[in-house]
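Input: a single structure, listed below in structure tokens.
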Amino acid sequence: MVLIKTFRWVLVIYVLQIIATILLFYFIPNDTKIPTHWDMDGQIDSYSTKSIGLLLPVGFNTIILSLFLFFPKISPKYREHEKRYEKVLPKIAFVLIMIFTLLQIISAVIPFLKQESIFCNPIFFLIGFLIIFLGNILPKVPNNFFIGIRTPWTLSDNDVWIKTHRLGGYTFVIAGILLFLEGFQGIYPSWVPRYLTILAMIMFSIPVIYSFVLYLKINR
């Protein structure tokens, strides 16, 4: 009962996604190809059948919801920081499930839009928002084996974990902004989105490298 109360808004979004999936199954023609992957330039490079395209996001959210609901049972360090987890976990779960739900709906709508009317890519807006959110929440996540920048060096030293996630908070926000900007694909030359993605990948890699260097420095 406590878990249900803690994750009540997450469960609301999950139920709404299931309802939306049923409606989409009813209204979308069976031969519709739903986009499931975008390349570095923001172009669709993979499609799936209606069933896979609609059920895959529900499957992802089911796994995510299950992991968060059972996190207190499967995380060895949960009891050490229980109060902090109670504040952080529902927020992360809510945003993740909301993002996958919106991705599902947008992907289902894209096949029915005229190509010339698509001047932006909302997928990158959602991903950018998710990364910005994670950048803001990362410094608040305690040392654990499931969530965060989990390298051998952050997991083995709590000081490395804390400092790496402080830096990661900044680099993730920058990466998220870059990916968000990539969504305005209609106003850029064709080569710009690729370089925005490369810059974002560099931002993601900086905390990993930093954790190794910091570990060597602390344990020298």
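Labels used: A, B, ... for chains in the order of the structure tokens, numbers from 1 for residues in each chain, and numbers from 1 for ligands as shown.
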
Please identify all polymer residues within 12 Å of Lys87 of chain A, counting only C-alpha atoms, omitting same-chain residues fewer than 2 positions from it, and present them as a PDB file with all heavy atoms, in the first residue's frame.
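Wrote it out as result33.pdb, contents follow:
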```pdb
ATOM      1  N   THR A   6       3.201   5.886  -2.987  1.00  0.00           N
ATOM      2  CA  THR A   6       4.409   6.582  -3.422  1.00  0.00           C
ATOM      3  C   THR A   6       4.455   6.734  -4.936  1.00  0.00           C
ATOM      4  O   THR A   6       4.856   7.773  -5.457  1.00  0.00           O
ATOM      5  CB  THR A   6       5.662   5.822  -2.941  1.00  0.00           C
ATOM      6  OG1 THR A   6       5.617   5.695  -1.518  1.00  0.00           O
ATOM      7  CG2 THR A   6       6.922   6.560  -3.341  1.00  0.00           C
ATOM      8  N   PHE A   7       4.029   5.699  -5.652  1.00  0.00           N
ATOM      9  CA  PHE A   7       4.111   5.693  -7.116  1.00  0.00           C
ATOM     10  C   PHE A   7       2.735   5.880  -7.756  1.00  0.00           C
ATOM     11  O   PHE A   7       2.530   5.452  -8.893  1.00  0.00           O
ATOM     12  CB  PHE A   7       4.726   4.381  -7.593  1.00  0.00           C
ATOM     13  CG  PHE A   7       6.188   4.238  -7.277  1.00  0.00           C
ATOM     14  CD1 PHE A   7       6.600   3.612  -6.111  1.00  0.00           C
ATOM     15  CD2 PHE A   7       7.156   4.739  -8.139  1.00  0.00           C
ATOM     16  CE1 PHE A   7       7.952   3.481  -5.811  1.00  0.00           C
ATOM     17  CE2 PHE A   7       8.503   4.612  -7.853  1.00  0.00           C
ATOM     18  CZ  PHE A   7       8.893   3.983  -6.682  1.00  0.00           C
ATOM     19  N   HIS A  81      19.844   4.693   2.598  1.00  0.00           N
ATOM     20  CA  HIS A  81      19.415   6.028   2.158  1.00  0.00           C
ATOM     21  C   HIS A  81      17.922   6.015   1.823  1.00  0.00           C
ATOM     22  O   HIS A  81      17.504   6.588   0.819  1.00  0.00           O
ATOM     23  CB  HIS A  81      20.218   6.471   0.938  1.00  0.00           C
ATOM     24  CG  HIS A  81      21.695   6.397   1.107  1.00  0.00           C
ATOM     25  ND1 HIS A  81      22.406   7.326   1.825  1.00  0.00           N
ATOM     26  CD2 HIS A  81      22.607   5.490   0.667  1.00  0.00           C
ATOM     27  CE1 HIS A  81      23.691   7.019   1.813  1.00  0.00           C
ATOM     28  NE2 HIS A  81      23.844   5.908   1.126  1.00  0.00           N
ATOM     29  N   GLU A  82      17.125   5.398   2.655  1.00  0.00           N
ATOM     30  CA  GLU A  82      15.714   5.189   2.349  1.00  0.00           C
ATOM     31  C   GLU A  82      14.974   6.500   2.092  1.00  0.00           C
ATOM     32  O   GLU A  82      14.189   6.616   1.135  1.00  0.00           O
ATOM     33  CB  GLU A  82      15.047   4.418   3.489  1.00  0.00           C
ATOM     34  CG  GLU A  82      13.610   4.032   3.186  1.00  0.00           C
ATOM     35  CD  GLU A  82      13.044   3.105   4.241  1.00  0.00           C
ATOM     36  OE1 GLU A  82      13.804   2.665   5.133  1.00  0.00           O
ATOM     37  OE2 GLU A  82      11.830   2.811   4.177  1.00  0.00           O
ATOM     38  N   LYS A  83      15.193   7.512   2.907  1.00  0.00           N
ATOM     39  CA  LYS A  83      14.488   8.788   2.761  1.00  0.00           C
ATOM     40  C   LYS A  83      14.827   9.468   1.439  1.00  0.00           C
ATOM     41  O   LYS A  83      13.956  10.048   0.778  1.00  0.00           O
ATOM     42  CB  LYS A  83      14.832   9.711   3.931  1.00  0.00           C
ATOM     43  CG  LYS A  83      14.329   9.212   5.288  1.00  0.00           C
ATOM     44  CD  LYS A  83      12.812   9.128   5.303  1.00  0.00           C
ATOM     45  CE  LYS A  83      12.316   8.665   6.669  1.00  0.00           C
ATOM     46  NZ  LYS A  83      10.836   8.542   6.693  1.00  0.00           N
ATOM     47  N   ARG A  84      16.098   9.401   1.058  1.00  0.00           N
ATOM     48  CA  ARG A  84      16.508  10.021  -0.211  1.00  0.00           C
ATOM     49  C   ARG A  84      15.890   9.281  -1.394  1.00  0.00           C
ATOM     50  O   ARG A  84      15.445   9.899  -2.372  1.00  0.00           O
ATOM     51  CB  ARG A  84      18.030  10.034  -0.320  1.00  0.00           C
ATOM     52  CG  ARG A  84      18.699  10.996   0.658  1.00  0.00           C
ATOM     53  CD  ARG A  84      20.201  10.890   0.604  1.00  0.00           C
ATOM     54  NE  ARG A  84      20.729  11.299  -0.702  1.00  0.00           N
ATOM     55  CZ  ARG A  84      22.002  11.207  -1.038  1.00  0.00           C
ATOM     56  NH1 ARG A  84      22.883  10.718  -0.160  1.00  0.00           N
ATOM     57  NH2 ARG A  84      22.416  11.603  -2.226  1.00  0.00           N
ATOM     58  N   TYR A  85      15.852   7.959  -1.317  1.00  0.00           N
ATOM     59  CA  TYR A  85      15.254   7.180  -2.401  1.00  0.00           C
ATOM     60  C   TYR A  85      13.756   7.470  -2.538  1.00  0.00           C
ATOM     61  O   TYR A  85      13.235   7.501  -3.658  1.00  0.00           O
ATOM     62  CB  TYR A  85      15.459   5.686  -2.155  1.00  0.00           C
ATOM     63  CG  TYR A  85      16.831   5.187  -2.533  1.00  0.00           C
ATOM     64  CD1 TYR A  85      17.623   4.506  -1.620  1.00  0.00           C
ATOM     65  CD2 TYR A  85      17.331   5.384  -3.821  1.00  0.00           C
ATOM     66  CE1 TYR A  85      18.881   4.044  -1.961  1.00  0.00           C
ATOM     67  CE2 TYR A  85      18.587   4.925  -4.174  1.00  0.00           C
ATOM     68  CZ  TYR A  85      19.359   4.257  -3.247  1.00  0.00           C
ATOM     69  OH  TYR A  85      20.605   3.807  -3.594  1.00  0.00           O
ATOM     70  N   LEU A  89      13.201   8.281  -6.423  1.00  0.00           N
ATOM     71  CA  LEU A  89      12.712   7.198  -7.279  1.00  0.00           C
ATOM     72  C   LEU A  89      11.372   7.501  -7.957  1.00  0.00           C
ATOM     73  O   LEU A  89      11.237   7.260  -9.167  1.00  0.00           O
ATOM     74  CB  LEU A  89      12.620   5.902  -6.478  1.00  0.00           C
ATOM     75  CG  LEU A  89      13.944   5.299  -6.007  1.00  0.00           C
ATOM     76  CD1 LEU A  89      13.700   3.981  -5.289  1.00  0.00           C
ATOM     77  CD2 LEU A  89      14.897   5.084  -7.178  1.00  0.00           C
ATOM     78  N   PRO A  90      10.354   8.019  -7.242  1.00  0.00           N
ATOM     79  CA  PRO A  90       9.087   8.306  -7.926  1.00  0.00           C
ATOM     80  C   PRO A  90       9.231   9.327  -9.055  1.00  0.00           C
ATOM     81  O   PRO A  90       8.562   9.221 -10.090  1.00  0.00           O
ATOM     82  CB  PRO A  90       8.189   8.843  -6.798  1.00  0.00           C
ATOM     83  CG  PRO A  90       8.770   8.282  -5.553  1.00  0.00           C
ATOM     84  CD  PRO A  90      10.250   8.262  -5.786  1.00  0.00           C
ATOM     85  N   LYS A  91      10.107  10.310  -8.865  1.00  0.00           N
ATOM     86  CA  LYS A  91      10.311  11.318  -9.908  1.00  0.00           C
ATOM     87  C   LYS A  91      10.938  10.698 -11.152  1.00  0.00           C
ATOM     88  O   LYS A  91      10.517  10.979 -12.280  1.00  0.00           O
ATOM     89  CB  LYS A  91      11.207  12.442  -9.375  1.00  0.00           C
ATOM     90  CG  LYS A  91      10.582  13.250  -8.248  1.00  0.00           C
ATOM     91  CD  LYS A  91      11.551  14.310  -7.733  1.00  0.00           C
ATOM     92  CE  LYS A  91      10.953  15.086  -6.571  1.00  0.00           C
ATOM     93  NZ  LYS A  91      11.898  16.105  -6.042  1.00  0.00           N
ATOM     94  N   ILE A  92      11.962   9.868 -10.946  1.00  0.00           N
ATOM     95  CA  ILE A  92      12.620   9.228 -12.084  1.00  0.00           C
ATOM     96  C   ILE A  92      11.648   8.306 -12.804  1.00  0.00           C
ATOM     97  O   ILE A  92      11.554   8.321 -14.045  1.00  0.00           O
ATOM     98  CB  ILE A  92      13.860   8.437 -11.617  1.00  0.00           C
ATOM     99  CG1 ILE A  92      14.882   9.375 -10.978  1.00  0.00           C
ATOM    100  CG2 ILE A  92      14.491   7.701 -12.798  1.00  0.00           C
ATOM    101  CD1 ILE A  92      16.090   8.658 -10.399  1.00  0.00           C
ATOM    102  N   ALA A  93      10.912   7.495 -12.052  1.00  0.00           N
ATOM    103  CA  ALA A  93       9.962   6.562 -12.650  1.00  0.00           C
ATOM    104  C   ALA A  93       8.883   7.301 -13.432  1.00  0.00           C
ATOM    105  O   ALA A  93       8.526   6.899 -14.549  1.00  0.00           O
ATOM    106  CB  ALA A  93       9.322   5.697 -11.563  1.00  0.00           C
ATOM    107  N   PHE A  94       8.376   8.395 -12.869  1.00  0.00           N
ATOM    108  CA  PHE A  94       7.320   9.167 -13.532  1.00  0.00           C
ATOM    109  C   PHE A  94       7.802   9.706 -14.873  1.00  0.00           C
ATOM    110  O   PHE A  94       7.112   9.572 -15.896  1.00  0.00           O
ATOM    111  CB  PHE A  94       6.876  10.326 -12.631  1.00  0.00           C
ATOM    112  CG  PHE A  94       5.801  11.181 -13.243  1.00  0.00           C
ATOM    113  CD1 PHE A  94       4.474  10.829 -13.128  1.00  0.00           C
ATOM    114  CD2 PHE A  94       6.120  12.344 -13.937  1.00  0.00           C
ATOM    115  CE1 PHE A  94       3.476  11.614 -13.692  1.00  0.00           C
ATOM    116  CE2 PHE A  94       5.144  13.134 -14.508  1.00  0.00           C
ATOM    117  CZ  PHE A  94       3.815  12.764 -14.383  1.00  0.00           C
ATOM    118  N   ILE A 137      18.747  15.405 -11.529  1.00  0.00           N
ATOM    119  CA  ILE A 137      18.466  14.441 -10.463  1.00  0.00           C
ATOM    120  C   ILE A 137      19.699  13.628 -10.078  1.00  0.00           C
ATOM    121  O   ILE A 137      19.785  13.118  -8.952  1.00  0.00           O
ATOM    122  CB  ILE A 137      17.321  13.490 -10.895  1.00  0.00           C
ATOM    123  CG1 ILE A 137      16.546  12.971  -9.672  1.00  0.00           C
ATOM    124  CG2 ILE A 137      17.821  12.333 -11.721  1.00  0.00           C
ATOM    125  CD1 ILE A 137      15.618  13.953  -9.067  1.00  0.00           C
ATOM    126  N   LYS A 140      21.557  13.897  -6.725  1.00  0.00           N
ATOM    127  CA  LYS A 140      20.766  13.540  -5.557  1.00  0.00           C
ATOM    128  C   LYS A 140      20.661  12.026  -5.351  1.00  0.00           C
ATOM    129  O   LYS A 140      20.083  11.582  -4.356  1.00  0.00           O
ATOM    130  CB  LYS A 140      19.353  14.128  -5.689  1.00  0.00           C
ATOM    131  CG  LYS A 140      19.334  15.637  -5.896  1.00  0.00           C
ATOM    132  CD  LYS A 140      17.937  16.141  -6.185  1.00  0.00           C
ATOM    133  CE  LYS A 140      17.942  17.634  -6.507  1.00  0.00           C
ATOM    134  NZ  LYS A 140      16.598  18.131  -6.864  1.00  0.00           N
ATOM    135  N   VAL A 141      21.185  11.255  -6.305  1.00  0.00           N
ATOM    136  CA  VAL A 141      21.063   9.799  -6.226  1.00  0.00           C
ATOM    137  C   VAL A 141      22.194   9.221  -5.388  1.00  0.00           C
ATOM    138  O   VAL A 141      23.369   9.440  -5.680  1.00  0.00           O
ATOM    139  CB  VAL A 141      21.109   9.170  -7.638  1.00  0.00           C
ATOM    140  CG1 VAL A 141      21.052   7.653  -7.549  1.00  0.00           C
ATOM    141  CG2 VAL A 141      19.951   9.693  -8.479  1.00  0.00           C
ATOM    142  N   PRO A 142      21.869   8.459  -4.323  1.00  0.00           N
ATOM    143  CA  PRO A 142      22.921   7.853  -3.500  1.00  0.00           C
ATOM    144  C   PRO A 142      23.644   6.746  -4.255  1.00  0.00           C
ATOM    145  O   PRO A 142      23.161   6.242  -5.278  1.00  0.00           O
ATOM    146  CB  PRO A 142      22.134   7.270  -2.308  1.00  0.00           C
ATOM    147  CG  PRO A 142      20.774   7.873  -2.375  1.00  0.00           C
ATOM    148  CD  PRO A 142      20.525   8.198  -3.803  1.00  0.00           C
TER     149      PRO A 142
END
```

Contacts between segment 39-56 of chain A and segment 61-142 of chain A, please, where a residue of segment 61-142 of chain A counts if it comes within 8 Å (with only C-alpha atoms); show its shortest atom pair and distance in Å to one decimal, rows by chain and ascending number, as a Markdown table.
```
| residue | atom | partner | partner_atom | distance |
| --- | --- | --- | --- | --- |
| A:Gln104 | CA | A:Leu54 | CA | 6.5 |
| A:Ser107 | CA | A:Gly53 | CA | 7.9 |
| A:Ala108 | CA | A:Leu54 | CA | 7.4 |
| A:Asn121 | CA | A:Gly42 | CA | 7.2 |
| A:Phe124 | CA | A:Gly42 | CA | 7.9 |
```

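Take the candidates A:Tyr210, A:Trp161, A:Ile149, A:Ile127 and check each one against Gly183 of chain A using only C-alpha atoms; the shortest distance goes to A:Ile127.
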
Which one is closest to Ser156 of chain A: A:Ser211, A:Ser205, A:Thr101, A:Ser75? Count only C-alpha atoms.
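Under the stated criterion, the closest residue is A:Ser211.
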
For Cys120 of chain A, please output as a ChimeraX atom specification all residues within 10 Å (counting only C-alpha atoms; exclusion window: fewer than 4 positions along the same chain).
/A:42,124-125,181-187

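Neighbours of Leu178 of chain A closer than or equal to 12 Å, with only C-alpha atoms counted and sequence neighbours fewer than 5 positions away skipped, come out as A:Phe124, A:Phe125, A:Ile127, A:Gly128, A:Phe129, A:Ile131, A:Ile132, A:Thr171, A:Phe172, A:Val173, A:Gly183, A:Phe184, A:Val192, A:Pro193, A:Arg194, A:Tyr195, A:Leu196, A:Thr197, A:Ile198, A:Leu199, A:Ala200, A:Met201, A:Ile202, A:Met203, A:Phe204.
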
Applying 8 Å and only C-alpha atoms, which residues near Leu130 of chain A remain after dropping the ones on its own chain fewer than 5 positions away? List them as an NGL selection string.
:A and (95-96 or 99 or 176)

Point out the residue among A:Ile64, A:Ile74, A:Leu155, A:Ile110 with the least atom-to-atom distance to Thr32 of chain A, counting only C-alpha atoms.
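Smallest separation from Thr32 of chain A among the options: A:Ile110.
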